[in-house]
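K.L.:
Submitted below is the structure of interest, expressed as structure tokens.
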Amino acid sequence: MKLYHVRLLIPKIRLAMSRSLTTGTFQNTQPLNYRGGKRVQPIDSVGQEQAYEPSTGRVIATFDCSGEKEVNEAIQSAKTAFKEWSQKSGMERGRILLEAARIIRERAEDLATIETINNGKSISEAKIDIEISWMTLEYYAGLAGSMAGQHVQLPGGSFAYTRREPLGVCAGIGAWNYPFQIACWKAGPALACGNAMVYKPSPFTAITVVLLAEIFAEAGVPTGLFNVVQGGAATGEFLCKNPGVAKVSFTGSVPTGSKIMEMAAKGIKPVTLELGGKSPLIIFPDSDLENAVNGAMMANFLTQGQVCCNGTRVFVHRDILDKFTDSVVSKVKKIKIGDPLLDDTRMGPLINQLHRERVLGFLKTAREQGAKVLTGGEPYTPEDPKLKGGFYISPCVLANVRDDMTCVKEEIFGPVMSILPFDTEEEVLERANNSSYGLAGGVFTNDIQRAHRVVAALQAGMCFINNYNVSPVELPFGGYKKSGFGRENGQVAIEYYSQLKTVCVEMGKVETVF
Ligand SMILES: NC(=O)C1=CN([C@@H]2O[C@H](COP(=O)(O)OP(=O)(O)OC[C@H]3O[C@@H](n4cnc5c(N)ncnc54)[C@H](O)[C@@H]3O)[C@@H](O)[C@H]2O)C=CC1
Ligand SMILES: C[N+](C)(C)CCCC(=O)O
């Protein structure tokens, strides 16, 4: 009875706290590592990192990066919990994951607020991210109970069966653009399959993943099942190289993905790599123009354009080029930039000053190479004085671009759309596929056969017809080519967090050749 009251009260207090949080007020005071069922300071460190509130430029947390000993402790803690967790039935695990999903749903506003403070994305988007997060846990909770093997009949009454078993302790390494959601995309299937996890978020967004660890504990996972270590490359490397880690699931850039694969190769560990992209979005003249324009907006400007699967190469048929361009530019000009915690803001700041300079650098090169800026692409300072130190830029549309320009070839990871005219289907497919990336792709057309023919020809793991950047958890997500391999979400993710054991059973006498 007492416990029941505590349960009801805690979220209420927290919600009240989050509502009083406004931009410029949050300061982290608690340890950000999570091990053995509680927040802890790391026992050793490899330097310090700072997390910012990108909308104001304020430092909101300074923390030690976990050293080799701390990473090892977290892995040992996960190993202990794995023994208990892996013995539970799928139904038992599913029930606990459902409870975690329920708690996230109950605290959605709270979590979205902190996510916005630490990442800079608008609160309206952060709320969607949190919704996708609890849906992910619900989905894998449902799948946990249906994981099963096969029975195979053999001659003479003998038979075999297969068991789908967990891998052990999985390492999750995340990017900063969807901190809480990426952690759920990894933890959901990993825990459903019976694994334990040690998770390292990006040091830029160190805050919300610890809240997820607390939620798992509250939902009833064994102590130590989900641990958090903090830091950058050095901490990540301790994790990848540790023989106690059975698998690495990574979301981030191509160069880091390549390093992760190398480290994992030394230990013969499987990896899932969700890397960058430079995806094409193809608009045919027979498409519904309003839908196509809205699709292009969704493909380019979510989370200030810092989205791996964005369709940043927008190929538009020459017949509708002017109409499409005018419509997109007028919509982009109306995007409300400012305090991301305000409900009507649609675009917040980029993640940090260095990244803003990087994006502005791409725009400088684009201009030098002959691109025409139709709107935006400048540092932006909101009127509210407390936002003066934030990392804002105005969303940008580029025209007069060619396929060989840097802004069309390289991932900018900012709010920059390039519009490229085309004339024929054959030509546009050739150009769309002319990239070392292959994460996503989209097509807008009302010709049903053309739509399917085009997506069949696109070299990309995630394709959209007449929409872009929707991501229901039921759908597998992942890349072709340098955008990585392995899949997150969907039923198939179970295969990436489990291994198959075959048990061959003899019912007769052993026939020997000797
Ligand atoms: N395909 C996908 O699902 C997504 C891909 N991305 C890609 O991620 C990039 C942006 O994210 P960033 O955080 O800047 O990428 P990043 O590759 O610099 O860092 C990603 C994570 O890896 C860690 N890390 C860095 N060096 C490491 C090393 N040597 N060993 C182990 N861990 C290491 C970082 O601390 C961070 O947690 C973009 O290229 C973007 O396309 C981002 C989000 C989603
Ligand atoms: C949610 N969605 C589709 C906008 C982006 C997910 C991939 C990423 O983490 O960048």
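Ligands are numbered from 1 in the order shown, chains are lettered A, B, ... in the order of the structure tokens, and residues start at 1 in each chain.
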Using only C-alpha atoms, which protein or nucleic acid residues come within 9 Å of Ala234 in chain A? Drop anything in the same chain fewer than 3 positions from it, and give the result as a list in words.

P.N.:
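Counting only the stated atoms, we get Val46, Cys65, Ser66, Gly67, Glu68, Gly231, Glu237, Phe238 and Leu239 of chain A.
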
K.L.:
Excluding range 314-324 of chain A and residues on its chain fewer than 6 positions from it, collect all residues at most 10 Å away from it, counting only C-alpha atoms, and give them as number ranges by chain.

P.N.:
A: 279-287, 289-290, 292-293, 296, 299-300, 408, 417-425, 428-429, 431-432, 441-444

K.L.:
Around ligand 1, which protein and nucleic acid residues have at least one atom no more than 7 Å from it, if we count only C-alpha atoms and all ligand atoms? List them as a PyMOL selection string.

P.N.:
chain A and resi 173-178+200-203+231-237+240+251-257+259-260+274-277+307-309+411+413+439+478-479+483

K.L.:
Only C-alpha atoms, please: the residues just picked out, written as a PDB file, in the first residue's frame.

P.N.:
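New file result19.pdb:
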```
ATOM      1  CA  ILE A 173      27.144   3.698 -28.206  1.00  0.00           C
ATOM      2  CA  GLY A 174      24.887   6.563 -29.220  1.00  0.00           C
ATOM      3  CA  ALA A 175      24.894   9.821 -31.174  1.00  0.00           C
ATOM      4  CA  TRP A 176      23.613  13.136 -29.802  1.00  0.00           C
ATOM      5  CA  ASN A 177      20.723  13.839 -32.168  1.00  0.00           C
ATOM      6  CA  TYR A 178      18.140  11.457 -30.642  1.00  0.00           C
ATOM      7  CA  LYS A 200      27.568   5.228 -23.555  1.00  0.00           C
ATOM      8  CA  PRO A 201      25.727   8.297 -24.819  1.00  0.00           C
ATOM      9  CA  SER A 202      27.464  11.076 -26.696  1.00  0.00           C
ATOM     10  CA  PRO A 203      29.180  13.378 -24.193  1.00  0.00           C
ATOM     11  CA  GLY A 231      32.748  10.015 -22.007  1.00  0.00           C
ATOM     12  CA  GLY A 232      33.971  10.273 -25.580  1.00  0.00           C
ATOM     13  CA  ALA A 233      36.236   8.221 -27.837  1.00  0.00           C
ATOM     14  CA  ALA A 234      38.542   6.850 -25.101  1.00  0.00           C
ATOM     15  CA  THR A 235      35.665   5.573 -22.972  1.00  0.00           C
ATOM     16  CA  GLY A 236      33.995   4.114 -26.071  1.00  0.00           C
ATOM     17  CA  GLU A 237      37.177   2.268 -26.955  1.00  0.00           C
ATOM     18  CA  CYS A 240      34.557  -2.004 -27.509  1.00  0.00           C
ATOM     19  CA  THR A 251      25.006   4.974 -34.005  1.00  0.00           C
ATOM     20  CA  GLY A 252      27.250   7.729 -35.277  1.00  0.00           C
ATOM     21  CA  SER A 253      29.552   8.810 -38.070  1.00  0.00           C
ATOM     22  CA  VAL A 254      31.206   6.660 -40.736  1.00  0.00           C
ATOM     23  CA  PRO A 255      34.815   7.215 -39.550  1.00  0.00           C
ATOM     24  CA  THR A 256      33.926   6.183 -35.982  1.00  0.00           C
ATOM     25  CA  GLY A 257      31.867   3.257 -37.310  1.00  0.00           C
ATOM     26  CA  LYS A 259      37.025   2.206 -35.981  1.00  0.00           C
ATOM     27  CA  ILE A 260      34.350   0.361 -34.006  1.00  0.00           C
ATOM     28  CA  GLU A 274      23.840   2.934 -37.970  1.00  0.00           C
ATOM     29  CA  LEU A 275      25.920   5.547 -39.751  1.00  0.00           C
ATOM     30  CA  GLY A 276      25.466   8.714 -41.736  1.00  0.00           C
ATOM     31  CA  GLY A 277      23.759   9.414 -45.040  1.00  0.00           C
ATOM     32  CA  VAL A 307      19.184  13.601 -38.811  1.00  0.00           C
ATOM     33  CA  CYS A 308      21.103  10.740 -40.398  1.00  0.00           C
ATOM     34  CA  CYS A 309      18.363   9.656 -42.820  1.00  0.00           C
ATOM     35  CA  GLU A 411      26.713  14.942 -45.086  1.00  0.00           C
ATOM     36  CA  PHE A 413      24.106  17.377 -40.651  1.00  0.00           C
ATOM     37  CA  LEU A 439      20.705   5.008 -45.672  1.00  0.00           C
ATOM     38  CA  GLY A 478      19.292   0.707 -41.330  1.00  0.00           C
ATOM     39  CA  GLY A 479      21.636   1.344 -44.200  1.00  0.00           C
ATOM     40  CA  SER A 483      25.600   3.888 -44.077  1.00  0.00           C
TER      41      SER A 483
END
```

K.L.:
Between A:Ala112, A:Leu167, A:Cys184, A:Ile268, which one has atoms that come closest to ligand 2, using only C-alpha atoms and all ligand atoms?

P.N.:
A:Cys184

K.L.:
Can you tell me which residues surround range 370-378 of chain A at a distance of at most 7 Å, considering only C-alpha atoms, apart from same-chain residues fewer than 2 positions away, and format the answer as a count of residues only?

P.N.:
15

K.L.:
Might you pull out every residue within 12 Å of Ala217 in chain A, with only C-alpha atoms counted and same-chain residues fewer than 6 positions away left off, and present them as a list in words?

P.N.:
Tyr34, Arg35, Gly36, Gly37, Lys38, Arg39, Ala81, Ile96, Leu97, Glu99, Ala100, Ile103, Val210, Leu211, Thr223, Gly224, Leu225, Phe226 and Asn227 of chain A

K.L.:
Write the selection just made, keeping N, CA and C atoms, as a PDB file, in the first residue's frame?

P.N.:
```pdb
ATOM      1  N   TYR A  34      25.735   5.301 -14.252  1.00  0.00           N
ATOM      2  CA  TYR A  34      24.747   4.450 -13.577  1.00  0.00           C
ATOM      3  C   TYR A  34      25.293   3.029 -13.592  1.00  0.00           C
ATOM      4  N   ARG A  35      25.460   2.478 -12.402  1.00  0.00           N
ATOM      5  CA  ARG A  35      26.058   1.137 -12.298  1.00  0.00           C
ATOM      6  C   ARG A  35      25.536   0.471 -11.036  1.00  0.00           C
ATOM      7  N   GLY A  36      25.308  -0.824 -11.132  1.00  0.00           N
ATOM      8  CA  GLY A  36      24.867  -1.572  -9.954  1.00  0.00           C
ATOM      9  C   GLY A  36      23.564  -1.027  -9.380  1.00  0.00           C
ATOM     10  N   GLY A  37      22.710  -0.477 -10.221  1.00  0.00           N
ATOM     11  CA  GLY A  37      21.398  -0.024  -9.771  1.00  0.00           C
ATOM     12  C   GLY A  37      21.367   1.365  -9.158  1.00  0.00           C
ATOM     13  N   LYS A  38      22.467   2.128  -9.294  1.00  0.00           N
ATOM     14  CA  LYS A  38      22.385   3.515  -8.800  1.00  0.00           C
ATOM     15  C   LYS A  38      23.331   4.460  -9.560  1.00  0.00           C
ATOM     16  N   ARG A  39      23.041   5.750  -9.375  1.00  0.00           N
ATOM     17  CA  ARG A  39      23.943   6.742  -9.953  1.00  0.00           C
ATOM     18  C   ARG A  39      25.246   6.728  -9.173  1.00  0.00           C
ATOM     19  N   ALA A  81      23.892  -9.241 -13.572  1.00  0.00           N
ATOM     20  CA  ALA A  81      22.447  -9.145 -13.836  1.00  0.00           C
ATOM     21  C   ALA A  81      22.031 -10.069 -14.971  1.00  0.00           C
ATOM     22  N   ILE A  96       8.188  -6.609 -17.592  1.00  0.00           N
ATOM     23  CA  ILE A  96       9.015  -5.542 -16.995  1.00  0.00           C
ATOM     24  C   ILE A  96       9.248  -4.414 -18.021  1.00  0.00           C
ATOM     25  N   LEU A  97       9.457  -4.798 -19.271  1.00  0.00           N
ATOM     26  CA  LEU A  97       9.641  -3.766 -20.301  1.00  0.00           C
ATOM     27  C   LEU A  97       8.364  -2.946 -20.493  1.00  0.00           C
ATOM     28  N   GLU A  99       6.266  -2.265 -18.166  1.00  0.00           N
ATOM     29  CA  GLU A  99       6.212  -1.349 -17.027  1.00  0.00           C
ATOM     30  C   GLU A  99       7.142  -0.145 -17.281  1.00  0.00           C
ATOM     31  N   ALA A 100       8.320  -0.421 -17.840  1.00  0.00           N
ATOM     32  CA  ALA A 100       9.237   0.688 -18.169  1.00  0.00           C
ATOM     33  C   ALA A 100       8.572   1.621 -19.186  1.00  0.00           C
ATOM     34  N   ILE A 103       6.076   3.839 -17.456  1.00  0.00           N
ATOM     35  CA  ILE A 103       6.688   4.936 -16.674  1.00  0.00           C
ATOM     36  C   ILE A 103       7.145   6.055 -17.622  1.00  0.00           C
ATOM     37  N   VAL A 210      20.572   8.477 -18.388  1.00  0.00           N
ATOM     38  CA  VAL A 210      20.605   8.058 -16.977  1.00  0.00           C
ATOM     39  C   VAL A 210      19.179   7.951 -16.428  1.00  0.00           C
ATOM     40  N   LEU A 211      18.299   8.822 -16.940  1.00  0.00           N
ATOM     41  CA  LEU A 211      16.895   8.742 -16.511  1.00  0.00           C
ATOM     42  C   LEU A 211      16.285   7.426 -16.997  1.00  0.00           C
ATOM     43  N   THR A 223      19.201  -5.730 -10.671  1.00  0.00           N
ATOM     44  CA  THR A 223      20.192  -4.677 -10.419  1.00  0.00           C
ATOM     45  C   THR A 223      21.397  -4.850 -11.342  1.00  0.00           C
ATOM     46  N   GLY A 224      21.734  -3.777 -12.049  1.00  0.00           N
ATOM     47  CA  GLY A 224      22.930  -3.816 -12.904  1.00  0.00           C
ATOM     48  C   GLY A 224      22.651  -4.208 -14.348  1.00  0.00           C
ATOM     49  N   LEU A 225      21.390  -4.410 -14.713  1.00  0.00           N
ATOM     50  CA  LEU A 225      21.104  -4.879 -16.079  1.00  0.00           C
ATOM     51  C   LEU A 225      21.409  -3.815 -17.136  1.00  0.00           C
ATOM     52  N   PHE A 226      21.089  -2.564 -16.819  1.00  0.00           N
ATOM     53  CA  PHE A 226      21.338  -1.490 -17.786  1.00  0.00           C
ATOM     54  C   PHE A 226      22.205  -0.433 -17.110  1.00  0.00           C
ATOM     55  N   ASN A 227      23.413  -0.271 -17.600  1.00  0.00           N
ATOM     56  CA  ASN A 227      24.382   0.637 -16.963  1.00  0.00           C
ATOM     57  C   ASN A 227      24.763   1.751 -17.933  1.00  0.00           C
TER      58      ASN A 227
END
```

K.L.:
As a PyMOL selection string, list the residues of range 20-211 of chain A assigned to strand (DSSP E) by DSSP on the backbone atoms of this structure.

P.N.:
chain A and resi 33-35+38-40+45-53+58-66+151-153+159-166+169-173+196-200

K.L.:
With a distance cut-off of 12 Å and only C-alpha atoms, select the neighbouring residues of Lys88 in chain A, excluding the residue or stretch itself and same-chain residues fewer than 6 positions from it, and output the selection as a PyMOL selection string.

P.N.:
chain A and resi 81-82+94-96+144-145+165-166+191-195+221-222

K.L.:
Using only C-alpha atoms, determine which residues lie at most 7 Å from Pro54 in chain A, disregarding the query and same-chain residues fewer than 5 positions distant; provide the list as a list in words.

P.N.:
Asn118, Asn119, Gly120, Pro349, Leu350, Ile351, Asn352, Gly390 and Phe391 of chain A

K.L.:
Rank nothing, just name the residue among A:Asp403, A:Ile412, A:Ile114, A:Gly348 nearest to Glu430 in chain A, using only C-alpha atoms.

P.N.:
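Among A:Asp403, A:Ile412, A:Ile114, A:Gly348, it is A:Asp403 that comes nearest to Glu430 in chain A.
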
K.L.:
For Tyr468 in chain A, list every protein, DNA or RNA residue within 8 Å, evaluated using only C-alpha atoms, and leave out those in the same chain fewer than 2 positions away; present the list as a ChimeraX atom specification.

P.N.:
/A:295-296,298-299,311,442,464-466,470

K.L.:
Can you list, as a ChimeraX atom specification, all residues belonging to range 146-321 of chain A that DSSP tags as helix (DSSP H, G or I)?

P.N.:
/A:155-157,179-192,203-205,208-219,233-241,254-266,289-300,302-305,318-321

K.L.:
Taking only C-alpha atoms and all ligand atoms into account, name the residue in A:Ile117, A:Leu143, A:Cys463, A:Val245 that is nearest to ligand 2.

P.N.:
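Of the candidates, the smallest distance to ligand 2 is held by A:Cys463.
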
K.L.:
For a test of reading the model, state the distance in Å between atom 10 (O, counted along the ligand's line) of ligand 2 and CA of Thr303 in chain A, rounded to one decimal.

P.N.:
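Between atom 10 (O, counted along the ligand's line) of ligand 2 and CA of Thr303 in chain A the gap works out to 8.9 Å.
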
K.L.:
CA of His355 in chain A and CA of Lys121 in chain A, how far apart in Å?

P.N.:
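Taking CA of Lys121 in chain A as the start and CA of His355 in chain A as the end point, the length is 14.6 Å.
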
K.L.:
Just how far from CA of Gln369 in chain A is CA of Met297 in chain A, in Å to one decimal?

P.N.:
24.6 Å

K.L.:
Which is closer to ligand 2 than all the others in A:Thr381, A:Ser327, A:Gln306, A:Gln353, using only C-alpha atoms and all ligand atoms?

P.N.:
A:Gln306

K.L.:
When distances are computed from only C-alpha atoms and all ligand atoms, which of A:Ile182, A:Ala451, A:Val209, A:Val492 shows the smallest separation from ligand 2?

P.N.:
A:Ile182
